[in-house]
>>> print(open('structure_8.cif').read())   # mmCIF, C-alpha atoms
data_run
loop_
_atom_site.label_atom_id
_atom_site.label_comp_id
_atom_site.auth_asym_id
_atom_site.auth_seq_id
_atom_site.Cartn_x
_atom_site.Cartn_y
_atom_site.Cartn_z
CA MET A 22 -1.29 6.07 53.57
CA GLN A 23 -3.29 5.26 50.44
CA ALA A 24 -2.90 1.65 49.29
CA ASP A 25 -4.47 -0.59 46.68
CA TYR A 26 -5.15 -3.29 49.27
CA LEU A 27 -6.02 -2.89 52.93
CA ILE A 28 -5.45 -5.99 55.09
CA VAL A 29 -7.19 -5.85 58.46
CA GLY A 30 -5.46 -8.25 60.84
CA SER A 31 -1.90 -9.60 60.74
CA GLY A 32 -2.55 -13.21 61.77
CA LEU A 33 -1.74 -16.05 59.40
CA THR A 34 -4.50 -15.28 56.90
CA GLY A 35 -3.82 -11.56 56.72
CA ALA A 36 -0.04 -11.90 56.73
CA VAL A 37 0.04 -14.56 54.00
CA ILE A 38 -2.29 -12.59 51.73
CA ALA A 39 -0.30 -9.40 52.36
CA ARG A 40 2.98 -11.18 51.59
CA HIS A 41 1.74 -12.57 48.28
CA LEU A 42 0.26 -9.24 47.19
CA ALA A 43 3.42 -7.36 48.14
CA ASP A 44 5.61 -9.92 46.36
CA ALA A 45 3.52 -9.31 43.23
CA GLY A 46 4.28 -5.60 43.44
CA ARG A 47 0.93 -4.51 44.80
CA SER A 48 0.53 -1.63 47.26
CA VAL A 49 -0.51 -3.03 50.64
CA LEU A 50 -1.26 -1.63 54.10
CA VAL A 51 -1.84 -3.87 57.12
CA LEU A 52 -3.76 -2.78 60.22
CA GLU A 53 -3.43 -4.65 63.52
CA ARG A 54 -5.30 -3.66 66.66
CA ARG A 55 -3.04 -5.58 69.03
CA TRP A 56 0.36 -4.32 70.10
CA HIS A 57 2.11 -7.08 68.14
CA TRP A 58 1.82 -8.61 64.68
CA GLY A 59 0.98 -12.23 63.97
CA GLY A 60 -2.39 -12.64 65.67
CA ASN A 61 -2.36 -15.76 67.83
CA VAL A 62 0.83 -17.02 66.16
CA HIS A 63 3.03 -15.50 68.83
CA ASP A 64 5.40 -16.51 71.59
CA HIS A 65 7.55 -14.98 74.31
CA PHE A 66 10.23 -15.95 76.82
CA HIS A 67 9.47 -16.77 80.43
CA ARG A 68 12.02 -15.35 82.87
CA SER A 69 13.54 -18.84 83.13
CA GLY A 70 14.45 -18.75 79.43
CA ILE A 71 11.68 -21.13 78.42
CA ARG A 72 9.82 -20.08 75.29
CA VAL A 73 6.03 -20.01 75.84
CA HIS A 74 3.44 -19.89 73.05
CA THR A 75 1.37 -16.90 74.13
CA TYR A 76 -1.99 -18.14 72.83
CA GLY A 77 -1.60 -21.88 73.30
CA PRO A 78 0.53 -24.48 71.54
CA HIS A 79 1.14 -24.17 67.82
CA TYR A 80 2.39 -27.32 66.12
CA PHE A 81 3.26 -26.69 62.49
CA ARG A 82 2.76 -29.63 60.13
CA THR A 83 2.19 -30.15 56.43
CA SER A 84 2.82 -32.63 53.65
CA ASP A 85 2.57 -29.98 50.93
CA GLU A 86 5.98 -29.31 49.34
CA ASP A 87 5.08 -25.81 48.08
CA LEU A 88 3.61 -24.76 51.41
CA TRP A 89 6.69 -26.05 53.23
CA ALA A 90 8.95 -24.09 50.87
CA PHE A 91 6.88 -20.95 51.52
CA VAL A 92 7.17 -21.04 55.32
CA ASN A 93 10.88 -21.84 55.10
CA ARG A 94 11.38 -18.48 53.42
CA PHE A 95 10.92 -16.91 56.84
CA THR A 96 12.54 -19.34 59.26
CA ARG A 97 14.13 -22.72 59.75
CA PHE A 98 12.12 -25.32 61.65
CA TYR A 99 13.47 -27.83 64.10
CA ARG A 100 11.74 -31.18 64.09
CA TYR A 101 8.97 -31.47 66.66
CA GLU A 102 6.31 -34.13 66.34
CA ALA A 103 3.58 -33.56 68.89
CA ALA A 104 2.77 -36.65 70.94
CA LEU A 105 -0.19 -36.05 73.24
CA LYS A 106 -1.36 -37.89 76.32
CA SER A 107 -4.61 -37.90 78.29
CA TRP A 108 -4.67 -38.27 82.07
CA VAL A 109 -7.23 -41.03 82.56
CA ASP A 110 -7.73 -43.16 85.69
CA GLY A 111 -4.40 -42.08 87.12
CA ARG A 112 -2.39 -42.95 84.00
CA HIS A 113 -1.03 -41.15 80.97
CA GLU A 114 -2.75 -42.72 77.97
CA ASN A 115 -2.12 -42.00 74.28
CA TRP A 116 -4.31 -39.48 72.50
CA PRO A 117 -5.76 -40.23 69.99
CA VAL A 118 -6.77 -43.39 71.81
CA ALA A 119 -4.56 -46.39 71.07
CA ALA A 120 -6.05 -49.75 70.13
CA SER A 121 -3.95 -51.29 72.92
CA TYR A 122 -5.95 -49.28 75.47
CA VAL A 123 -9.24 -50.49 74.02
CA ARG A 124 -8.02 -54.09 74.13
CA ARG A 125 -6.83 -53.65 77.69
CA VAL A 126 -10.15 -52.34 78.99
CA LEU A 127 -12.68 -53.95 76.63
CA GLY A 128 -10.99 -56.94 75.05
CA GLU A 129 -10.62 -57.72 71.37
CA LYS A 130 -14.26 -57.44 70.31
CA TRP A 131 -16.23 -54.22 70.47
CA GLU A 132 -18.55 -52.27 68.26
CA PRO A 133 -19.51 -48.60 68.19
CA GLU A 134 -22.65 -48.07 70.21
CA PHE A 135 -24.46 -45.70 67.86
CA LYS A 136 -25.57 -46.61 64.36
CA GLY A 137 -27.43 -44.40 61.93
CA GLN A 138 -27.31 -40.69 61.11
CA PRO A 139 -25.98 -38.81 64.15
CA ARG A 140 -27.93 -35.75 65.24
CA ASN A 141 -25.32 -34.35 67.62
CA PHE A 142 -21.73 -34.67 68.80
CA GLU A 143 -22.43 -37.41 71.34
CA GLU A 144 -24.14 -39.66 68.81
CA ALA A 145 -21.40 -39.01 66.24
CA SER A 146 -18.70 -39.87 68.79
CA LEU A 147 -20.47 -43.08 69.84
CA GLY A 148 -20.56 -44.04 66.18
CA LEU A 149 -16.74 -43.97 66.16
CA MET A 150 -15.74 -45.40 69.52
CA PRO A 151 -16.93 -47.46 72.50
CA ARG A 152 -18.92 -45.63 75.17
CA LEU A 153 -16.16 -46.20 77.73
CA VAL A 154 -13.63 -44.42 75.52
CA TYR A 155 -16.08 -41.63 74.80
CA GLU A 156 -16.87 -41.05 78.47
CA LYS A 157 -13.28 -41.19 79.70
CA PHE A 158 -11.49 -39.31 76.93
CA VAL A 159 -14.00 -37.24 74.97
CA LYS A 160 -17.18 -36.26 76.78
CA GLY A 161 -15.69 -34.38 79.71
CA TYR A 162 -13.02 -32.69 77.62
CA ASN A 163 -15.52 -31.31 75.14
CA GLU A 164 -18.04 -30.28 77.75
CA LYS A 165 -15.26 -28.33 79.47
CA GLN A 166 -14.16 -26.92 76.13
CA TRP A 167 -17.58 -25.73 74.99
CA GLY A 168 -19.41 -25.23 78.31
CA VAL A 169 -22.55 -27.11 77.20
CA PRO A 170 -23.70 -30.75 77.22
CA ALA A 171 -22.18 -32.84 74.44
CA ARG A 172 -25.63 -33.42 72.93
CA ALA A 173 -25.90 -29.68 72.24
CA LEU A 174 -22.86 -29.70 69.94
CA SER A 175 -22.80 -30.30 66.22
CA ALA A 176 -22.17 -33.83 64.97
CA GLY A 177 -19.53 -32.47 62.60
CA LEU A 178 -17.21 -31.72 65.52
CA ALA A 179 -16.55 -35.47 65.88
CA ARG A 180 -14.83 -35.62 62.49
CA ARG A 181 -11.54 -34.73 64.20
CA PHE A 182 -11.51 -37.91 66.33
CA ASP A 183 -10.37 -41.44 65.70
CA VAL A 184 -9.33 -44.60 67.54
CA ARG A 185 -5.87 -45.63 66.39
CA GLN A 186 -5.45 -49.23 65.33
CA ASP A 187 -1.81 -49.09 66.39
CA ASP A 188 0.13 -47.45 69.21
CA GLU A 189 1.45 -44.60 67.06
CA PRO A 190 2.09 -41.82 69.62
CA ARG A 191 2.25 -38.88 67.21
CA LEU A 192 -0.80 -36.66 66.90
CA VAL A 193 -0.44 -36.48 63.10
CA ARG A 194 1.79 -38.11 60.50
CA HIS A 195 2.56 -35.26 58.13
CA LYS A 196 5.88 -35.32 56.27
CA TYR A 197 7.02 -31.98 57.67
CA GLN A 198 6.52 -31.11 61.33
CA GLY A 199 8.26 -28.57 63.50
CA ILE A 200 8.52 -25.30 65.38
CA PRO A 201 10.42 -22.22 64.13
CA GLU A 202 13.98 -22.07 65.45
CA ASP A 203 13.64 -18.36 66.22
CA GLY A 204 10.08 -18.62 67.49
CA TYR A 205 6.68 -17.79 66.07
CA ALA A 206 6.81 -14.06 66.78
CA GLU A 207 9.97 -13.72 64.69
CA PHE A 208 8.52 -15.99 61.99
CA MET A 209 5.52 -13.70 61.63
CA ARG A 210 7.66 -10.55 61.78
CA ARG A 211 9.70 -11.78 58.85
CA MET A 212 6.57 -12.67 56.90
CA VAL A 213 5.34 -9.07 57.00
CA SER A 214 8.79 -7.50 56.76
CA GLY A 215 8.86 -4.56 54.37
CA ILE A 216 5.08 -4.23 54.32
CA PRO A 217 3.61 -1.09 55.98
CA ILE A 218 1.80 -2.12 59.14
CA LEU A 219 0.06 -0.03 61.78
CA LEU A 220 -0.11 -1.63 65.24
CA ASN A 221 -2.59 -0.62 67.94
CA CYS A 222 -4.97 0.43 65.18
CA ASP A 223 -8.58 -0.73 65.42
CA TYR A 224 -9.98 -0.55 61.90
CA LEU A 225 -13.59 -0.76 63.09
CA LYS A 226 -13.13 2.46 65.06
CA HIS A 227 -11.39 4.25 62.17
CA ARG A 228 -12.74 2.62 59.03
CA GLY A 229 -13.65 5.99 57.52
CA GLU A 230 -9.95 6.90 57.50
CA PHE A 231 -8.87 3.97 55.33
CA LYS A 232 -10.15 3.70 51.75
CA PRO A 233 -8.11 1.29 49.63
CA ALA A 234 -8.24 1.69 45.88
CA ARG A 235 -9.06 -1.94 45.17
CA LEU A 236 -9.98 -4.22 48.09
CA THR A 237 -10.35 -4.49 51.86
CA VAL A 238 -9.46 -7.90 53.30
CA PHE A 239 -11.03 -8.18 56.75
CA THR A 240 -9.83 -11.10 58.90
CA GLY A 241 -11.56 -10.20 62.17
CA PRO A 242 -14.86 -11.57 63.50
CA ILE A 243 -17.48 -11.24 60.77
CA ASP A 244 -20.25 -10.33 63.20
CA GLU A 245 -18.12 -7.56 64.68
CA TYR A 246 -17.69 -6.03 61.22
CA PHE A 247 -21.45 -5.41 61.23
CA GLY A 248 -21.61 -4.32 64.86
CA CYS A 249 -23.27 -7.65 65.76
CA ASP A 250 -26.54 -6.08 64.64
CA MET A 251 -28.10 -9.47 63.80
CA GLY A 252 -26.80 -10.99 67.03
CA ALA A 253 -23.37 -11.96 68.33
CA LEU A 254 -21.73 -15.17 67.23
CA LYS A 255 -20.49 -17.31 70.09
CA TYR A 256 -16.80 -17.98 70.58
CA ARG A 257 -14.69 -19.74 73.18
CA GLY A 258 -11.25 -18.75 74.38
CA GLN A 259 -8.72 -19.84 76.99
CA ARG A 260 -7.61 -18.51 80.34
CA ARG A 261 -4.00 -19.61 80.78
CA ASP A 262 -2.61 -20.09 84.26
CA HIS A 263 1.19 -20.41 84.37
CA GLU A 264 3.24 -22.13 87.06
CA TYR A 265 7.03 -22.17 87.30
CA LEU A 266 8.57 -25.16 89.09
CA PRO A 267 12.21 -24.15 89.73
CA ASP A 268 13.32 -27.52 91.10
CA THR A 269 11.61 -29.79 88.56
CA GLU A 270 13.34 -30.75 85.32
CA PHE A 271 10.20 -32.17 83.71
CA ALA A 272 6.76 -32.59 85.28
CA GLN A 273 4.99 -34.67 82.62
CA PRO A 274 5.99 -37.11 79.86
CA CYS A 275 5.23 -34.82 76.90
CA GLY A 276 4.39 -31.27 75.95
CA GLN A 277 0.60 -31.61 76.13
CA VAL A 278 -1.51 -33.67 78.50
CA ASN A 279 -5.28 -33.50 78.13
CA ASN A 280 -7.36 -33.42 81.30
CA PRO A 281 -10.78 -34.80 80.30
CA ASP A 282 -12.08 -35.72 83.77
CA PRO A 283 -14.25 -32.91 85.23
CA ALA A 284 -13.33 -34.13 88.71
CA GLY A 285 -9.69 -33.34 87.95
CA GLY A 286 -10.27 -29.61 87.70
CA PRO A 287 -11.67 -27.05 85.24
CA HIS A 288 -8.64 -27.05 82.95
CA ILE A 289 -8.82 -29.03 79.71
CA ARG A 290 -5.10 -29.51 79.20
CA THR A 291 -1.71 -28.95 80.80
CA LEU A 292 1.21 -27.76 78.68
CA GLU A 293 4.88 -28.13 79.48
CA TRP A 294 6.79 -25.86 77.12
CA LYS A 295 10.26 -27.20 77.83
CA HIS A 296 9.33 -30.37 75.92
CA MET A 297 8.72 -28.24 72.84
CA MET A 298 12.19 -26.65 72.88
CA GLU A 299 15.27 -27.99 71.15
CA SER A 300 16.97 -30.33 73.61
CA GLN A 301 20.34 -28.55 73.56
CA TYR A 302 18.64 -25.41 74.91
CA ALA A 303 16.13 -27.09 77.20
CA GLN A 304 18.81 -29.00 79.09
CA ARG A 305 20.55 -25.75 80.08
CA ILE A 306 17.45 -24.33 81.77
CA ARG A 307 16.62 -24.76 85.42
CA GLY A 308 13.07 -25.71 86.24
CA THR A 309 10.01 -26.00 84.03
CA VAL A 310 6.90 -24.00 83.18
CA LEU A 311 3.42 -25.53 83.18
CA THR A 312 0.39 -23.83 81.67
CA ARG A 313 -3.12 -24.97 82.49
CA GLU A 314 -5.78 -23.89 80.03
CA VAL A 315 -9.32 -23.22 81.23
CA THR A 316 -11.88 -22.56 78.51
CA VAL A 317 -14.05 -19.46 78.93
CA THR A 318 -16.56 -17.46 76.89
CA PRO A 319 -14.69 -14.20 76.19
CA SER A 320 -16.27 -10.79 75.84
CA ASP A 321 -13.23 -9.17 74.19
CA PRO A 322 -12.91 -10.06 70.47
CA ASN A 323 -9.13 -10.14 70.93
CA ASP A 324 -9.67 -13.28 73.01
CA TYR A 325 -11.81 -15.16 70.48
CA GLU A 326 -10.19 -18.48 69.58
CA TYR A 327 -12.77 -21.14 68.70
CA PRO A 328 -16.00 -20.71 66.72
CA PHE A 329 -18.86 -22.40 68.55
CA PRO A 330 -19.94 -25.64 66.82
CA ASP A 331 -23.72 -25.68 66.88
CA GLU A 332 -26.49 -25.20 64.34
CA ALA A 333 -27.77 -21.86 65.63
CA ASN A 334 -24.38 -20.19 65.24
CA ALA A 335 -23.87 -21.82 61.83
CA ARG A 336 -27.12 -20.24 60.65
CA LEU A 337 -26.22 -16.83 62.05
CA TYR A 338 -22.79 -16.99 60.42
CA ALA A 339 -24.40 -17.86 57.07
CA ALA A 340 -26.58 -14.75 57.32
CA TYR A 341 -23.54 -12.54 57.98
CA ARG A 342 -21.56 -14.27 55.21
CA ASP A 343 -24.29 -13.63 52.64
CA ARG A 344 -24.51 -10.01 53.73
CA ALA A 345 -20.75 -9.50 53.41
CA ALA A 346 -20.79 -11.09 49.96
CA ARG A 347 -23.03 -8.27 48.70
CA ILE A 348 -20.52 -5.56 49.64
CA ALA A 349 -18.29 -4.52 46.77
CA ASN A 350 -14.52 -4.59 47.26
CA LEU A 351 -14.72 -6.50 50.55
CA LEU A 352 -13.35 -9.95 51.37
CA VAL A 353 -14.04 -11.35 54.84
CA CYS A 354 -11.91 -14.40 55.47
CA GLY A 355 -9.76 -16.30 57.95
CA ARG A 356 -10.68 -18.28 61.05
CA LEU A 357 -12.78 -15.49 62.57
CA GLY A 358 -14.06 -14.12 59.29
CA GLU A 359 -15.20 -17.53 58.04
CA TYR A 360 -16.22 -18.74 61.51
CA ARG A 361 -14.24 -21.93 61.03
CA TYR A 362 -11.32 -23.56 62.79
CA TYR A 363 -8.21 -23.94 60.64
CA ASP A 364 -4.94 -25.68 61.46
CA MET A 365 -1.92 -23.57 60.58
CA ASP A 366 -1.23 -25.29 57.27
CA GLN A 367 -4.90 -25.05 56.34
CA ALA A 368 -4.97 -21.33 57.13
CA ILE A 369 -1.87 -20.70 55.03
CA GLY A 370 -3.11 -22.78 52.11
CA ARG A 371 -6.49 -21.06 52.20
CA ALA A 372 -4.86 -17.62 52.27
CA GLN A 373 -2.61 -18.52 49.34
CA LEU A 374 -5.65 -19.57 47.32
CA LEU A 375 -7.43 -16.31 48.10
CA ALA A 376 -4.33 -14.27 47.25
CA LYS A 377 -4.08 -16.05 43.90
CA ARG A 378 -7.72 -15.24 43.13
CA ILE A 379 -7.17 -11.60 44.08
CA LEU A 380 -4.15 -11.31 41.77
CA GLN A 381 -5.99 -13.01 38.92
CA GLY A 382 -8.95 -10.70 39.32
CA GLY A 383 -11.34 -13.61 39.89
CA PRO A 384 -14.06 -14.05 42.53
CA VAL A 385 -12.70 -13.89 46.06
CA ILE A 386 -15.83 -14.47 48.09
CA PRO A 387 -15.29 -17.52 50.32
CA PRO A 388 -17.74 -20.27 49.37
CA ALA A 389 -20.23 -21.64 51.89
CA GLU A 390 -18.28 -24.90 52.05
CA THR A 391 -14.57 -25.34 51.40
#
>>> encode(input="structure_8.cif", output="structure tokens")
Amino acid sequence: MQADYLIVGSGLTGAVIARHLADAGRSVLVLERRWHWGGNVHDHFHRSGIRVHTYGPHYFRTSDEDLWAFVNRFTRFYRYEAALKSWVDGRHENWPVAASYVRRVLGEKWEPEFKGQPRNFEEASLGLMPRLVYEKFVKGYNEKQWGVPARALSAGLARRFDVRQDDEPRLVRHKYQGIPEDGYAEFMRRMVSGIPILLNCDYLKHRGEFKPARLTVFTGPIDEYFGCDMGALKYRGQRRDHEYLPDTEFAQPCGQVNNPDPAGGPHIRTLEWKHMMESQYAQRIRGTVLTREVTVTPSDPNDYEYPFPDEANARLYAAYRDRAARIANLLVCGRLGEYRYYDMDQAIGRAQLLAKRILQGGPVIPPAET
């Protein structure tokens, strides 16, 4: 099929761009090398009837009215506000860390240990929180997550952390939070409904067969587009081990419990999906499903989930980005294309911005910093 726009990858970035182009009357073809659409925004049913998020938990949240209206075109959301815990010293503690925990273990007066310009993740973290909090909640978790000492990680990674001055249990406080009533797989199917899509089609193995008239939007790993000829970017992914407990109604107090202590096992978190279901359905189901996530360094690009946060990989990405920018009629974007972690609302908003630029005929090359 000849199309004006070729979208490689049907995850959030590719699907949102495809939807906006198709809605504007443009000719679009989507290629997806997996057997299903939606990238990592996917779920399935366990034999017990419990819905499991295939590639880890997806909590949708936004305070943007237009973005909320857009996603509600494809599904209705039931309210779900993620409240996370960390298993620390034999207790479930709030995450992000609550001020009450700090008072309990350190008293009223404490100061961050590190002052100055942080050179790495450990120094940046110690500039935000007491060492005790860092060592019990943060250090082990991130060293499991990334497989290297905390001092080898970029200081910028610590921007996602805080110490709450109240006991607010919710992970975030966005106006709109939820999970699609019909699941993420159906949400993504509806988003690309009516748009030609080829599944099980690896563009990089057949790129000579697809020549769009206007633009190729590539949302896969940017280094893979070039055959990793300047070196492979490093990614991390998850091995997910599932356990069904037929005689247990609930095994933990919430849907996600972080496991930061290395002595507690290699997994970084334990997920209990029944907590994430609507209560009227969850209460009818016997048993519960736990998923323990162990972070690994994948060799298959289909398993790439997290860009690696260090300076060497940032420099290599920049070299690939500059090279891609010199290729006419090519836009490399998305979490893997821009080598950047995006929350779901951020990925959608970013894709909408790029789609608008495409339709207006303006520059579409992602900037170095967004």
>>> resolve_selection(input="structure_8.cif", expression="the PyMOL selection byres ((chain A and resi 349) around 12)", output="ChimeraX atom specification")
/A:234-238,344-348,350-353,384-386
>>> residues_near_point(input="structure_8.cif", point="(10.4, -25.6, 80.4)", cutoff="10 Å", atoms="only C-alpha atoms", output="PDB file with C-alpha atoms, in the coordinates of the input")
ATOM      1  CA  HIS A  67       9.470 -16.770  80.430  1.00  0.00           C
ATOM      2  CA  SER A  69      13.540 -18.840  83.130  1.00  0.00           C
ATOM      3  CA  GLY A  70      14.450 -18.750  79.430  1.00  0.00           C
ATOM      4  CA  ILE A  71      11.680 -21.130  78.420  1.00  0.00           C
ATOM      5  CA  ARG A  72       9.820 -20.080  75.290  1.00  0.00           C
ATOM      6  CA  VAL A  73       6.030 -20.010  75.840  1.00  0.00           C
ATOM      7  CA  TYR A 265       7.030 -22.170  87.300  1.00  0.00           C
ATOM      8  CA  LEU A 266       8.570 -25.160  89.090  1.00  0.00           C
ATOM      9  CA  PRO A 267      12.210 -24.150  89.730  1.00  0.00           C
ATOM     10  CA  THR A 269      11.610 -29.790  88.560  1.00  0.00           C
ATOM     11  CA  GLU A 270      13.340 -30.750  85.320  1.00  0.00           C
ATOM     12  CA  PHE A 271      10.200 -32.170  83.710  1.00  0.00           C
ATOM     13  CA  ALA A 272       6.760 -32.590  85.280  1.00  0.00           C
ATOM     14  CA  GLY A 276       4.390 -31.270  75.950  1.00  0.00           C
ATOM     15  CA  LEU A 292       1.210 -27.760  78.680  1.00  0.00           C
ATOM     16  CA  GLU A 293       4.880 -28.130  79.480  1.00  0.00           C
ATOM     17  CA  TRP A 294       6.790 -25.860  77.120  1.00  0.00           C
ATOM     18  CA  LYS A 295      10.260 -27.200  77.830  1.00  0.00           C
ATOM     19  CA  HIS A 296       9.330 -30.370  75.920  1.00  0.00           C
ATOM     20  CA  MET A 297       8.720 -28.240  72.840  1.00  0.00           C
ATOM     21  CA  MET A 298      12.190 -26.650  72.880  1.00  0.00           C
ATOM     22  CA  TYR A 302      18.640 -25.410  74.910  1.00  0.00           C
ATOM     23  CA  ALA A 303      16.130 -27.090  77.200  1.00  0.00           C
ATOM     24  CA  GLN A 304      18.810 -29.000  79.090  1.00  0.00           C
ATOM     25  CA  ILE A 306      17.450 -24.330  81.770  1.00  0.00           C
ATOM     26  CA  ARG A 307      16.620 -24.760  85.420  1.00  0.00           C
ATOM     27  CA  GLY A 308      13.070 -25.710  86.240  1.00  0.00           C
ATOM     28  CA  THR A 309      10.010 -26.000  84.030  1.00  0.00           C
ATOM     29  CA  VAL A 310       6.900 -24.000  83.180  1.00  0.00           C
ATOM     30  CA  LEU A 311       3.420 -25.530  83.180  1.00  0.00           C
TER      31      LEU A 311
END
>>> closest_residue(input="structure_8.cif", among="A:Met212, A:Ala145, A:Cys275, A:Val123", to="Arg172 in chain A", atoms="all atoms listed in the file")
A:Ala145
>>> closest_residue(input="structure_8.cif", among="A:Trp89, A:Phe239, A:Tyr122, A:Tyr327", to="Val154 in chain A", atoms="only C-alpha atoms")
A:Tyr122
>>> resolve_selection(input="structure_8.cif", expression="the PyMOL selection byres ((chain A and resi 369) around 10)", output="ChimeraX atom specification")
/A:33-38,88,91-92,355,363-368,370-375
>>> atom_distance(input="structure_8.cif", atom1="CA of Leu220 in chain A", atom2="CA of Trp58 in chain A")
7.3 Å
>>> axis_aligned_box(input="structure_8.cif", around="range 330-349 of chain A", padding_each_side="3 Å", output="AutoDock Vina command-line options")
--center_x -23.0 --center_y -15.1 --center_z 56.8 --size_x 15.5 --size_y 27.2 --size_z 26.1
>>> residues_near_point(input="structure_8.cif", point="(-15.0, -20.1, 71.1)", cutoff="7 Å", atoms="all atoms listed in the file", output="compact mmCIF listing (two decimals) with C-alpha atoms, keeping the file's coordinate frame")
# COMPACT_ATOMS: atom_id res chain seq x y z
CA LYS A 255 -20.49 -17.31 70.09
CA TYR A 256 -16.80 -17.98 70.58
CA ARG A 257 -14.69 -19.74 73.18
CA GLY A 258 -11.25 -18.75 74.38
CA THR A 318 -16.56 -17.46 76.89
CA TYR A 325 -11.81 -15.16 70.48
CA GLU A 326 -10.19 -18.48 69.58
CA TYR A 327 -12.77 -21.14 68.70
CA PRO A 328 -16.00 -20.71 66.72
CA PHE A 329 -18.86 -22.40 68.55
>>> closest_residue(input="structure_8.cif", among="A:Leu52, A:Met251, A:Val118, A:Val126", to="Val159 in chain A", atoms="only C-alpha atoms")
A:Val118
>>> closest_residue(input="structure_8.cif", among="A:Gly168, A:Gly382, A:Pro319, A:Pro274", to="His113 in chain A", atoms="all atoms listed in the file")
A:Pro274
